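**Q** Next comes the structure file entry_12.pdb, holding PDB, C-alpha atoms.
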```pdb
ATOM      1  CA  MET A1060      46.286 -11.540  49.634  1.00  0.00           C
ATOM      2  CA  LEU A1061      47.202 -14.735  47.764  1.00  0.00           C
ATOM      3  CA  LYS A1062      45.239 -17.965  47.728  1.00  0.00           C
ATOM      4  CA  ALA A1063      47.031 -21.323  47.440  1.00  0.00           C
ATOM      5  CA  ILE A1064      45.993 -24.981  47.474  1.00  0.00           C
ATOM      6  CA  LEU A1065      48.089 -27.507  49.425  1.00  0.00           C
ATOM      7  CA  ARG A1066      47.562 -31.102  48.231  1.00  0.00           C
ATOM      8  CA  GLU A1067      48.892 -34.515  49.285  1.00  0.00           C
ATOM      9  CA  TYR A1068      49.006 -37.495  46.894  1.00  0.00           C
ATOM     10  CA  LEU A1069      49.768 -41.172  47.251  1.00  0.00           C
ATOM     11  CA  GLY A1070      50.095 -42.510  43.759  1.00  0.00           C
ATOM     12  CA  SER A1071      47.159 -41.128  41.744  1.00  0.00           C
ATOM     13  CA  GLU A1072      44.981 -40.769  44.839  1.00  0.00           C
ATOM     14  CA  GLU A1073      44.534 -37.309  46.325  1.00  0.00           C
ATOM     15  CA  LEU A1074      44.682 -37.746  50.107  1.00  0.00           C
ATOM     16  CA  SER A1075      43.970 -34.149  51.119  1.00  0.00           C
ATOM     17  CA  SER A1076      43.405 -30.670  49.702  1.00  0.00           C
ATOM     18  CA  ARG A1077      43.640 -27.568  51.889  1.00  0.00           C
ATOM     19  CA  SER A1078      43.191 -23.910  51.024  1.00  0.00           C
ATOM     20  CA  ILE A1079      45.789 -21.489  52.378  1.00  0.00           C
ATOM     21  CA  SER A1080      45.319 -17.720  52.643  1.00  0.00           C
ATOM     22  CA  LEU A1081      48.625 -15.899  52.288  1.00  0.00           C
ATOM     23  CA  ASN A1082      48.629 -12.350  53.676  1.00  0.00           C
ATOM     24  CA  PHE A1083      51.275  -9.831  52.682  1.00  0.00           C
ATOM     25  CA  ASP A1084      51.666  -8.805  56.313  1.00  0.00           C
ATOM     26  CA  GLY A1085      51.057 -12.185  57.916  1.00  0.00           C
ATOM     27  CA  ALA A1086      53.239 -14.344  60.159  1.00  0.00           C
ATOM     28  CA  PRO A1087      55.495 -17.040  58.643  1.00  0.00           C
ATOM     29  CA  ILE A1088      53.754 -20.277  57.617  1.00  0.00           C
ATOM     30  CA  THR A1089      55.550 -23.605  58.015  1.00  0.00           C
ATOM     31  CA  ILE A1090      54.751 -26.834  56.146  1.00  0.00           C
ATOM     32  CA  GLY A1091      56.269 -30.162  57.200  1.00  0.00           C
ATOM     33  CA  ARG A1092      56.071 -33.419  59.146  1.00  0.00           C
ATOM     34  CA  SER A1093      56.337 -31.808  62.594  1.00  0.00           C
ATOM     35  CA  GLU A1094      53.160 -31.324  64.587  1.00  0.00           C
ATOM     36  CA  VAL A1095      54.259 -27.756  65.392  1.00  0.00           C
ATOM     37  CA  CYS A1096      54.084 -26.785  61.717  1.00  0.00           C
ATOM     38  CA  THR A1097      51.275 -24.529  60.583  1.00  0.00           C
ATOM     39  CA  TYR A1098      50.274 -27.220  58.067  1.00  0.00           C
ATOM     40  CA  GLN A1099      51.341 -30.793  58.849  1.00  0.00           C
ATOM     41  CA  VAL A1100      51.879 -33.071  55.845  1.00  0.00           C
ATOM     42  CA  GLY A1101      52.973 -36.690  55.338  1.00  0.00           C
ATOM     43  CA  SER A1102      51.060 -38.296  58.178  1.00  0.00           C
ATOM     44  CA  LYS A1103      49.057 -40.393  55.662  1.00  0.00           C
ATOM     45  CA  PHE A1104      52.094 -41.590  53.698  1.00  0.00           C
ATOM     46  CA  GLY A1105      52.775 -44.608  55.923  1.00  0.00           C
ATOM     47  CA  ASP A1106      56.442 -45.636  55.877  1.00  0.00           C
ATOM     48  CA  LEU A1107      57.218 -42.845  53.385  1.00  0.00           C
ATOM     49  CA  SER A1108      56.270 -40.141  55.909  1.00  0.00           C
ATOM     50  CA  GLN A1109      59.719 -40.388  57.523  1.00  0.00           C
ATOM     51  CA  TRP A1110      61.221 -38.862  54.356  1.00  0.00           C
ATOM     52  CA  VAL A1111      59.244 -35.666  54.802  1.00  0.00           C
ATOM     53  CA  ALA A1112      61.375 -33.040  56.584  1.00  0.00           C
ATOM     54  CA  ARG A1113      60.223 -31.737  59.946  1.00  0.00           C
ATOM     55  CA  ILE A1114      59.923 -28.352  58.203  1.00  0.00           C
ATOM     56  CA  GLN A1115      59.745 -28.984  54.476  1.00  0.00           C
ATOM     57  CA  ALA A1116      59.046 -25.348  53.470  1.00  0.00           C
ATOM     58  CA  THR A1117      58.454 -21.932  55.016  1.00  0.00           C
ATOM     59  CA  ILE A1118      56.343 -19.119  53.557  1.00  0.00           C
ATOM     60  CA  VAL A1119      57.414 -15.609  54.597  1.00  0.00           C
ATOM     61  CA  THR A1120      56.523 -11.991  53.782  1.00  0.00           C
ATOM     62  CA  GLU A1121      59.425  -9.771  52.781  1.00  0.00           C
ATOM     63  CA  ASN A1122      59.397  -6.227  51.324  1.00  0.00           C
ATOM     64  CA  GLY A1123      55.739  -6.434  50.307  1.00  0.00           C
ATOM     65  CA  SER A1124      56.062  -9.810  48.571  1.00  0.00           C
ATOM     66  CA  ILE A1125      55.406 -13.430  49.581  1.00  0.00           C
ATOM     67  CA  LYS A1126      58.172 -15.992  49.204  1.00  0.00           C
ATOM     68  CA  LEU A1127      58.524 -19.720  49.808  1.00  0.00           C
ATOM     69  CA  ILE A1128      61.803 -20.962  51.288  1.00  0.00           C
ATOM     70  CA  ASP A1129      63.080 -24.519  50.975  1.00  0.00           C
ATOM     71  CA  GLY A1130      63.111 -25.797  54.583  1.00  0.00           C
ATOM     72  CA  VAL A1131      64.006 -23.052  57.054  1.00  0.00           C
ATOM     73  CA  LYS A1132      66.129 -20.063  56.117  1.00  0.00           C
ATOM     74  CA  GLY A1133      69.724 -21.286  56.148  1.00  0.00           C
ATOM     75  CA  ARG A1134      68.728 -24.974  56.456  1.00  0.00           C
ATOM     76  CA  PRO A1135      67.204 -26.424  53.257  1.00  0.00           C
ATOM     77  CA  SER A1136      65.224 -29.651  53.330  1.00  0.00           C
ATOM     78  CA  THR A1137      66.858 -32.970  52.347  1.00  0.00           C
ATOM     79  CA  ASN A1138      64.457 -33.682  49.474  1.00  0.00           C
ATOM     80  CA  GLY A1139      64.244 -30.093  48.238  1.00  0.00           C
ATOM     81  CA  VAL A1140      61.419 -28.031  46.751  1.00  0.00           C
ATOM     82  CA  TYR A1141      60.941 -28.051  42.976  1.00  0.00           C
ATOM     83  CA  CYS A1142      59.360 -25.712  40.475  1.00  0.00           C
ATOM     84  CA  HIS A1143      58.621 -28.019  37.553  1.00  0.00           C
ATOM     85  CA  THR A1144      61.912 -29.939  37.344  1.00  0.00           C
ATOM     86  CA  GLU A1145      64.178 -27.246  38.807  1.00  0.00           C
ATOM     87  CA  ARG A1146      65.073 -27.236  42.488  1.00  0.00           C
ATOM     88  CA  ILE A1147      64.660 -23.778  44.027  1.00  0.00           C
ATOM     89  CA  ASP A1148      67.763 -22.379  45.698  1.00  0.00           C
ATOM     90  CA  PRO A1149      66.922 -21.329  48.318  1.00  0.00           C
ATOM     91  CA  GLU A1150      63.622 -19.448  47.786  1.00  0.00           C
ATOM     92  CA  ILE A1151      61.036 -18.469  45.182  1.00  0.00           C
ATOM     93  CA  LEU A1152      58.557 -15.603  44.813  1.00  0.00           C
ATOM     94  CA  LEU A1153      54.938 -16.782  44.963  1.00  0.00           C
ATOM     95  CA  THR A1154      52.785 -15.534  42.084  1.00  0.00           C
ATOM     96  CA  PRO A1155      49.397 -16.674  40.682  1.00  0.00           C
ATOM     97  CA  GLY A1156      49.686 -19.758  38.477  1.00  0.00           C
ATOM     98  CA  LEU A1157      52.851 -21.039  40.166  1.00  0.00           C
ATOM     99  CA  GLN A1158      52.938 -24.816  40.874  1.00  0.00           C
ATOM    100  CA  LEU A1159      55.503 -26.251  43.273  1.00  0.00           C
ATOM    101  CA  THR A1160      56.384 -29.770  44.394  1.00  0.00           C
ATOM    102  CA  LEU A1161      57.206 -29.450  48.084  1.00  0.00           C
ATOM    103  CA  PHE A1162      57.995 -33.153  48.551  1.00  0.00           C
ATOM    104  CA  LYS A1163      58.263 -36.261  46.389  1.00  0.00           C
ATOM    105  CA  ALA A1164      59.442 -39.767  47.290  1.00  0.00           C
ATOM    106  CA  GLU A1165      58.338 -42.825  45.320  1.00  0.00           C
ATOM    107  CA  ARG A1166      54.498 -42.613  45.222  1.00  0.00           C
ATOM    108  CA  ALA A1167      54.157 -39.856  47.838  1.00  0.00           C
ATOM    109  CA  LYS A1168      53.941 -36.228  46.791  1.00  0.00           C
ATOM    110  CA  VAL A1169      53.022 -32.849  48.303  1.00  0.00           C
ATOM    111  CA  THR A1170      52.212 -29.919  45.992  1.00  0.00           C
ATOM    112  CA  LEU A1171      51.386 -26.231  46.406  1.00  0.00           C
ATOM    113  CA  GLU A1172      49.480 -24.340  43.712  1.00  0.00           C
ATOM    114  CA  VAL A1173      49.066 -20.543  43.875  1.00  0.00           C
ATOM    115  CA  VAL A1174      45.643 -19.805  42.421  1.00  0.00           C
ATOM    116  CA  ALA A1175      45.070 -16.028  42.381  1.00  0.00           C
ATOM    117  CA  PHE A1176      45.207 -12.682  44.079  1.00  0.00           C
ATOM    118  CA  ILE A1177      42.002 -12.125  46.049  1.00  0.00           C
ATOM    119  CA  ASP A1178      40.500  -9.628  48.485  1.00  0.00           C
ATOM    120  CA  GLY A1179      40.049 -10.454  52.140  1.00  0.00           C
ATOM    121  CA  ASP A1180      36.271 -10.773  51.891  1.00  0.00           C
ATOM    122  CA  VAL A1181      36.341 -13.668  49.407  1.00  0.00           C
ATOM    123  CA  ALA A1182      36.959 -16.274  52.106  1.00  0.00           C
ATOM    124  CA  SER A1183      33.813 -15.202  53.966  1.00  0.00           C
ATOM    125  CA  ASP A1184      31.826 -15.692  50.734  1.00  0.00           C
ATOM    126  CA  ASN A1185      33.171 -19.257  50.445  1.00  0.00           C
ATOM    127  CA  PRO A1186      31.882 -21.371  53.327  1.00  0.00           C
ATOM    128  CA  HIS A1187      33.734 -24.407  51.982  1.00  0.00           C
ATOM    129  CA  ASP A1188      37.047 -22.500  52.021  1.00  0.00           C
ATOM    130  CA  THR A1189      37.628 -22.994  48.301  1.00  0.00           C
ATOM    131  CA  PHE A1190      38.295 -20.470  45.572  1.00  0.00           C
ATOM    132  CA  THR A1191      37.194 -21.297  42.040  1.00  0.00           C
ATOM    133  CA  GLY A1192      37.244 -19.556  38.678  1.00  0.00           C
ATOM    134  CA  GLY A1193      33.576 -18.641  39.156  1.00  0.00           C
ATOM    135  CA  ASP A1194      34.441 -16.894  42.425  1.00  0.00           C
ATOM    136  CA  LEU A1195      37.127 -14.910  40.630  1.00  0.00           C
ATOM    137  CA  LEU A1196      34.714 -13.874  37.856  1.00  0.00           C
ATOM    138  CA  ASP A1197      32.115 -12.767  40.416  1.00  0.00           C
ATOM    139  CA  ARG A1198      34.740 -10.735  42.228  1.00  0.00           C
ATOM    140  CA  LEU A1199      35.919  -9.122  38.989  1.00  0.00           C
ATOM    141  CA  GLN A1200      32.318  -8.259  38.073  1.00  0.00           C
ATOM    142  CA  GLU A1201      31.889  -6.520  41.437  1.00  0.00           C
ATOM    143  CA  LYS A1202      35.071  -4.534  40.775  1.00  0.00           C
ATOM    144  CA  VAL A1203      33.851  -3.531  37.295  1.00  0.00           C
ATOM    145  CA  GLU A1204      30.529  -2.323  38.738  1.00  0.00           C
ATOM    146  CA  ALA A1205      32.374  -0.310  41.386  1.00  0.00           C
ATOM    147  CA  PHE A1206      34.607   1.260  38.737  1.00  0.00           C
ATOM    148  CA  SER A1207      31.518   2.070  36.620  1.00  0.00           C
ATOM    149  CA  GLY A1208      30.101   4.076  39.514  1.00  0.00           C
ATOM    150  CA  GLN A1209      33.378   5.948  39.887  1.00  0.00           C
ATOM    151  CA  ILE A1210      33.450   6.707  36.143  1.00  0.00           C
ATOM    152  CA  PHE A1211      29.888   8.091  36.305  1.00  0.00           C
ATOM    153  CA  ALA A1212      30.852  10.340  39.236  1.00  0.00           C
ATOM    154  CA  LEU A1213      33.918  11.598  37.335  1.00  0.00           C
ATOM    155  CA  HIS A1214      31.726  12.275  34.287  1.00  0.00           C
ATOM    156  CA  GLN A1215      29.415  14.439  36.424  1.00  0.00           C
ATOM    157  CA  GLN A1216      32.426  16.360  37.755  1.00  0.00           C
ATOM    158  CA  VAL A1217      33.643  16.979  34.190  1.00  0.00           C
ATOM    159  CA  GLU A1218      30.215  18.330  33.184  1.00  0.00           C
ATOM    160  CA  LEU A1219      30.183  20.617  36.233  1.00  0.00           C
ATOM    161  CA  LEU A1220      33.665  21.956  35.432  1.00  0.00           C
ATOM    162  CA  GLY A1221      32.618  22.443  31.814  1.00  0.00           C
ATOM    163  CA  GLY A1222      29.629  24.561  32.941  1.00  0.00           C
ATOM    164  CA  GLN A1223      31.870  26.656  35.201  1.00  0.00           C
ATOM    165  CA  LEU A1224      34.323  27.195  32.336  1.00  0.00           C
ATOM    166  CA  ALA A1225      31.513  28.288  29.994  1.00  0.00           C
ATOM    167  CA  GLN A1226      30.316  30.811  32.611  1.00  0.00           C
ATOM    168  CA  ARG A1227      33.867  32.141  32.971  1.00  0.00           C
ATOM    169  CA  GLU A1228      34.175  32.520  29.179  1.00  0.00           C
ATOM    170  CA  ALA A1229      30.846  34.389  29.116  1.00  0.00           C
ATOM    171  CA  ILE A1230      32.132  36.734  31.836  1.00  0.00           C
ATOM    172  CA  ASP A1231      35.350  37.339  29.875  1.00  0.00           C
ATOM    173  CA  SER A1232      33.295  38.060  26.743  1.00  0.00           C
ATOM    174  CA  ASN A1233      31.173  40.620  28.614  1.00  0.00           C
ATOM    175  CA  GLN A1234      34.294  42.294  29.980  1.00  0.00           C
ATOM    176  CA  GLU A1235      35.723  42.540  26.444  1.00  0.00           C
ATOM    177  CA  ARG A1236      32.518  44.165  25.158  1.00  0.00           C
ATOM    178  CA  ARG A1237      32.605  46.704  27.996  1.00  0.00           C
ATOM    179  CA  LEU A1238      36.221  47.497  27.126  1.00  0.00           C
ATOM    180  CA  VAL A1239      35.305  48.120  23.473  1.00  0.00           C
ATOM    181  CA  LEU A1240      32.469  50.443  24.504  1.00  0.00           C
ATOM    182  CA  THR A1241      34.831  52.324  26.814  1.00  0.00           C
ATOM    183  CA  GLU A1242      37.333  52.771  23.985  1.00  0.00           C
ATOM    184  CA  LYS A1243      34.554  54.128  21.724  1.00  0.00           C
ATOM    185  CA  ARG A1244      33.509  56.637  24.393  1.00  0.00           C
ATOM    186  CA  LEU A1245      37.126  57.676  24.824  1.00  0.00           C
ATOM    187  CA  ASN A1246      37.445  58.236  21.066  1.00  0.00           C
ATOM    188  CA  ARG A1247      34.339  60.420  21.096  1.00  0.00           C
ATOM    189  CA  VAL A1248      35.729  62.491  23.979  1.00  0.00           C
ATOM    190  CA  LEU A1249      39.054  62.889  22.171  1.00  0.00           C
ATOM    191  CA  ALA A1250      37.255  63.958  19.009  1.00  0.00           C
ATOM    192  CA  ILE A1251      35.300  66.565  20.957  1.00  0.00           C
ATOM    193  CA  VAL A1252      38.471  67.832  22.644  1.00  0.00           C
ATOM    194  CA  PHE A1253      40.306  68.087  19.299  1.00  0.00           C
ATOM    195  CA  GLY A1254      37.278  69.872  17.801  1.00  0.00           C
ATOM    196  CA  CYS A1255      37.214  72.400  20.620  1.00  0.00           C
ATOM    197  CA  VAL A1256      40.941  73.033  20.339  1.00  0.00           C
ATOM    198  CA  ALA A1257      40.642  73.423  16.594  1.00  0.00           C
ATOM    199  CA  ALA A1258      37.781  75.909  16.971  1.00  0.00           C
ATOM    200  CA  ILE A1259      39.727  77.939  19.500  1.00  0.00           C
ATOM    201  CA  VAL A1260      42.812  77.992  17.294  1.00  0.00           C
ATOM    202  CA  LEU A1261      40.746  78.910  14.234  1.00  0.00           C
ATOM    203  CA  ALA A1262      38.931  81.711  16.026  1.00  0.00           C
ATOM    204  CA  SER A1263      42.131  83.067  17.538  1.00  0.00           C
ATOM    205  CA  GLY A1264      44.037  82.919  14.252  1.00  0.00           C
ATOM    206  CA  PHE A1265      41.485  84.591  11.987  1.00  0.00           C
ATOM    207  CA  SER A1266      39.989  87.121  14.387  1.00  0.00           C
ATOM    208  CA  GLY A1267      42.950  89.370  13.827  1.00  0.00           C
ATOM    209  CA  GLY A1268      46.669  89.451  13.415  1.00  0.00           C
ATOM    210  CA  SER A1269      49.111  89.606  10.580  1.00  0.00           C
ATOM    211  CA  ALA A1270      49.352  87.272   7.622  1.00  0.00           C
ATOM    212  CA  GLU A1271      52.345  85.624   9.272  1.00  0.00           C
ATOM    213  CA  ASP A1272      50.266  84.840  12.406  1.00  0.00           C
ATOM    214  CA  LYS A1273      47.435  83.416  10.303  1.00  0.00           C
ATOM    215  CA  LYS A1274      49.920  81.148   8.499  1.00  0.00           C
ATOM    216  CA  LEU A1275      51.245  79.901  11.862  1.00  0.00           C
ATOM    217  CA  TRP A1276      47.722  79.222  13.157  1.00  0.00           C
ATOM    218  CA  SER A1277      46.793  77.340   9.985  1.00  0.00           C
ATOM    219  CA  SER A1278      49.883  75.142  10.369  1.00  0.00           C
ATOM    220  CA  THR A1279      49.015  74.426  13.994  1.00  0.00           C
ATOM    221  CA  LEU A1280      45.411  73.524  13.087  1.00  0.00           C
ATOM    222  CA  THR A1281      46.625  71.148  10.383  1.00  0.00           C
ATOM    223  CA  SER A1282      48.953  69.375  12.855  1.00  0.00           C
ATOM    224  CA  ILE A1283      46.105  68.958  15.348  1.00  0.00           C
ATOM    225  CA  ALA A1284      43.831  67.527  12.669  1.00  0.00           C
ATOM    226  CA  ILE A1285      46.494  65.051  11.533  1.00  0.00           C
ATOM    227  CA  GLY A1286      47.119  63.973  15.171  1.00  0.00           C
ATOM    228  CA  GLY A1287      43.414  63.468  15.765  1.00  0.00           C
ATOM    229  CA  ALA A1288      43.050  61.393  12.608  1.00  0.00           C
ATOM    230  CA  ALA A1289      46.055  59.241  13.600  1.00  0.00           C
ATOM    231  CA  VAL A1290      44.546  58.500  17.022  1.00  0.00           C
ATOM    232  CA  TYR A1291      41.186  57.661  15.450  1.00  0.00           C
ATOM    233  CA  PHE A1292      42.545  55.253  12.833  1.00  0.00           C
ATOM    234  CA  LYS A1293      44.901  53.600  15.369  1.00  0.00           C
ATOM    235  CA  SER A1294      41.880  52.864  17.563  1.00  0.00           C
ATOM    236  CA  LYS A1295      40.062  51.309  14.593  1.00  0.00           C
ATOM    237  CA  GLU A1296      43.097  49.162  13.814  1.00  0.00           C
ATOM    238  CA  ASN A1297      43.254  47.817  17.391  1.00  0.00           C
ATOM    239  CA  GLN A1298      39.559  46.878  17.269  1.00  0.00           C
ATOM    240  CA  ALA A1299      40.048  45.012  13.962  1.00  0.00           C
ATOM    241  CA  GLU A1300      42.923  42.965  15.438  1.00  0.00           C
ATOM    242  CA  LYS A1301      40.843  41.686  18.394  1.00  0.00           C
ATOM    243  CA  PRO A1302      39.413  38.162  17.840  1.00  0.00           C
ATOM    244  CA  LYS A1303      35.673  37.927  17.678  1.00  0.00           C
ATOM    245  CA  SER A1304      34.126  35.860  20.515  1.00  0.00           C
TER     246      SER A1304
END
```
Re-express the file's structure as structure tokens.

**A**
Amino acid sequence: MLKAILREYLGSEELSSRSISLNFDGAPITIGRSEVCTYQVGSKFGDLSQWVARIQATIVTENGSIKLIDGVKGRPSTNGVYCHTERIDPEILLTPGLQLTLFKAERAKVTLEVVAFIDGDVASDNPHDTFTGGDLLDRLQEKVEAFSGQIFALHQQVELLGGQLAQREAIDSNQERRLVLTEKRLNRVLAIVFGCVAAIVLASGFSGGSAEDKKLWSSTLTSIAIGGAAVYFKSKENQAEKPKS
């Protein structure tokens, strides 16, 4: 929601000052001399009031933004609406800090100043229907405190996730140690198997037979021993390549 101040002047004297709440989903707001307007202006200008258009300006909501139209859409006012010294043609987007002259003739003037974006509950905190810089600072402080609470909650969630991750890493480390132990047991079993095979071959080869048979058995035993050594050293190499946890 936007907050704006509608003021009427006659010379240097401020005749009236009204606060306007502009909702992004609100109905159109009309400002002008007619009594049917949402905000009637010019009634205190005396003879100069006749120069104020029946509908001097219209505030509408369009595509999530708030705009001010000179007069009514398709029918601009005679005097025009000015932003500084430039006449708007035919509309202007309302943003905080914008100052518009809705009407000016001789000493009479009507202005609209957009003060700030505010939340809907600010008006209830302001019984005099005004919105000052102090109100804005208070509102910002409330927002900062709310964000601080959210940051603290997020920090607790991060710590919880960090603890869960550490537990998962510990589980992975335990699984790796079990795998290493299993590999060691497997190596021992293989060594026993190769030893048994070697003993059988040795006993069979030297218990009898010709010199040619003994030569064949010796060659077979050597091949088995070389194969066993290759498996053993390959296992050691794989263990050395694993990163230490």

**Q** Quick one, how far is CA of Asn1082 (chain A) from CA of Gly1156 (chain A)?

**A** 16.9 Å

**Q** What separation in Å, quoted to one decimal, exists between CA of Arg1066 (chain A) and CA of Val1169 (chain A)?

**A**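 These atoms are spaced 5.7 Å apart.
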
**Q** Return the single residue from A:Ser1232, A:Thr1137, A:Ser1080, A:Thr1170 that is closest to Gly1101 (chain A), with distances computed using only C-alpha atoms.

**A** A:Thr1170

**Q** For the point (55.6, -4.8, 48.9) in the file's frame, write as a short mmCIF file (atom, residue, chain, number, x, y, z; two decimals) with C-alpha atoms, in the frame of the given file all residues with an atom no more than 12 Å away, counting only C-alpha atoms.

**A**
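Printed below is part.cif as written:
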```
data_model
loop_
_atom_site.label_atom_id
_atom_site.label_comp_id
_atom_site.auth_asym_id
_atom_site.auth_seq_id
_atom_site.Cartn_x
_atom_site.Cartn_y
_atom_site.Cartn_z
CA MET A 1060 46.29 -11.54 49.63
CA ASN A 1082 48.63 -12.35 53.68
CA PHE A 1083 51.28 -9.83 52.68
CA ASP A 1084 51.67 -8.80 56.31
CA THR A 1120 56.52 -11.99 53.78
CA GLU A 1121 59.42 -9.77 52.78
CA ASN A 1122 59.40 -6.23 51.32
CA GLY A 1123 55.74 -6.43 50.31
CA SER A 1124 56.06 -9.81 48.57
CA ILE A 1125 55.41 -13.43 49.58
CA LYS A 1126 58.17 -15.99 49.20
CA LEU A 1152 58.56 -15.60 44.81
#
```

**Q** Smallest atom-to-atom distance to Glu1094 (chain A): which of A:Ile1114, A:Leu1240, A:Ile1079, A:Val1217, using only C-alpha atoms?

**A**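 Among A:Ile1114, A:Leu1240, A:Ile1079, A:Val1217, it is A:Ile1114 that comes nearest to Glu1094 (chain A).
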
**Q** Ranking A:Ile1064, A:Leu1219, A:Ile1147, A:Ile1090 by minimum distance to Glu1172 (chain A) and counting only C-alpha atoms, which one comes first?

**A** A:Ile1064

**Q** Leaving out Val1095 (chain A) and any residue of its chain fewer than 6 positions from it, which residues lie within 12 Å of it when counting all atoms listed in the file, given as a tab-separated table (two decimals) with C-alpha atoms, keeping the file's coordinate frame?

**A**
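The new file result38.tsv reads:
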```tsv
chain	number	residue	atom	x	y	z
A	1088	ILE	CA	53.75	-20.28	57.62
A	1089	THR	CA	55.55	-23.60	58.02
A	1113	ARG	CA	60.22	-31.74	59.95
A	1114	ILE	CA	59.92	-28.35	58.20
```

**Q** Restricting the calculation to all atoms listed in the file, which member of A:Trp1110, A:Gln1158, A:Ser1282, A:Tyr1068 is positioned closest to Glu1145 (chain A)?

**A**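 For Glu1145 (chain A), the nearest of the given residues is A:Gln1158.
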
**Q** Tell me which of A:Leu1061, A:Glu1228, A:Leu1238, A:Gly1085 sits closest to Leu1157 (chain A), counting all atoms listed in the file.

**A**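 So, comparing all the options, the nearest one is A:Leu1061.
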
**Q** Any idea what the distance is between CA of Thr1154 (chain A) and CA of Gln1115 (chain A)?

**A**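 Going from CA of Thr1154 (chain A) over to CA of Gln1115 (chain A) covers 19.6 Å.
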
**Q** Might you pull out every residue within 6 Å of Pro1155 (chain A), with all atoms listed in the file counted and same-chain residues fewer than 2 positions away left off, and present them as a list in words?

**A**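 That gives Leu1157, Val1173, Val1174 and Ala1175 of chain A.
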
**Q** Which protein, DNA or RNA residues are at most 10 Å from (67.1, -20.9, 54.1) in the file's coordinates when you count only C-alpha atoms, listed as an NGL selection string?

**A** :A and (1116-1117 or 1127-1136 or 1148-1150)

**Q** Could you rebuild region 1130-1143 of chain A with N, CA and C atoms and give me the result as a PDB file, keeping the file's coordinate frame?

**A**
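As a result, part-v2.pdb now contains:
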```
ATOM      1  N   GLY A1130      62.760 -25.540  53.186  1.00  0.00           N
ATOM      2  CA  GLY A1130      63.111 -25.797  54.583  1.00  0.00           C
ATOM      3  C   GLY A1130      62.944 -24.551  55.419  1.00  0.00           C
ATOM      4  N   VAL A1131      63.955 -24.272  56.252  1.00  0.00           N
ATOM      5  CA  VAL A1131      64.006 -23.052  57.054  1.00  0.00           C
ATOM      6  C   VAL A1131      65.176 -22.233  56.535  1.00  0.00           C
ATOM      7  N   LYS A1132      65.082 -20.926  56.649  1.00  0.00           N
ATOM      8  CA  LYS A1132      66.129 -20.063  56.117  1.00  0.00           C
ATOM      9  C   LYS A1132      67.494 -20.490  56.658  1.00  0.00           C
ATOM     10  N   GLY A1133      68.379 -20.834  55.764  1.00  0.00           N
ATOM     11  CA  GLY A1133      69.724 -21.286  56.148  1.00  0.00           C
ATOM     12  C   GLY A1133      69.846 -22.784  56.291  1.00  0.00           C
ATOM     13  N   ARG A1134      68.709 -23.507  56.313  1.00  0.00           N
ATOM     14  CA  ARG A1134      68.728 -24.974  56.456  1.00  0.00           C
ATOM     15  C   ARG A1134      67.729 -25.590  55.477  1.00  0.00           C
ATOM     16  N   PRO A1135      68.118 -25.838  54.242  1.00  0.00           N
ATOM     17  CA  PRO A1135      67.204 -26.424  53.257  1.00  0.00           C
ATOM     18  C   PRO A1135      66.829 -27.854  53.618  1.00  0.00           C
ATOM     19  N   SER A1136      65.677 -28.283  53.080  1.00  0.00           N
ATOM     20  CA  SER A1136      65.224 -29.651  53.330  1.00  0.00           C
ATOM     21  C   SER A1136      66.098 -30.651  52.565  1.00  0.00           C
ATOM     22  N   THR A1137      66.050 -31.928  53.006  1.00  0.00           N
ATOM     23  CA  THR A1137      66.858 -32.970  52.347  1.00  0.00           C
ATOM     24  C   THR A1137      66.351 -33.253  50.935  1.00  0.00           C
ATOM     25  N   ASN A1138      65.037 -33.327  50.769  1.00  0.00           N
ATOM     26  CA  ASN A1138      64.457 -33.682  49.474  1.00  0.00           C
ATOM     27  C   ASN A1138      64.375 -32.490  48.521  1.00  0.00           C
ATOM     28  N   GLY A1139      64.318 -31.281  49.075  1.00  0.00           N
ATOM     29  CA  GLY A1139      64.244 -30.093  48.238  1.00  0.00           C
ATOM     30  C   GLY A1139      62.823 -29.743  47.804  1.00  0.00           C
ATOM     31  N   VAL A1140      62.673 -28.522  47.307  1.00  0.00           N
ATOM     32  CA  VAL A1140      61.419 -28.031  46.751  1.00  0.00           C
ATOM     33  C   VAL A1140      61.661 -27.727  45.284  1.00  0.00           C
ATOM     34  N   TYR A1141      60.727 -28.161  44.421  1.00  0.00           N
ATOM     35  CA  TYR A1141      60.941 -28.051  42.976  1.00  0.00           C
ATOM     36  C   TYR A1141      59.845 -27.217  42.318  1.00  0.00           C
ATOM     37  N   CYS A1142      60.273 -26.422  41.374  1.00  0.00           N
ATOM     38  CA  CYS A1142      59.360 -25.712  40.475  1.00  0.00           C
ATOM     39  C   CYS A1142      59.518 -26.376  39.115  1.00  0.00           C
ATOM     40  N   HIS A1143      58.511 -27.137  38.730  1.00  0.00           N
ATOM     41  CA  HIS A1143      58.621 -28.019  37.553  1.00  0.00           C
ATOM     42  C   HIS A1143      59.736 -29.023  37.826  1.00  0.00           C
TER      43      HIS A1143
END
```
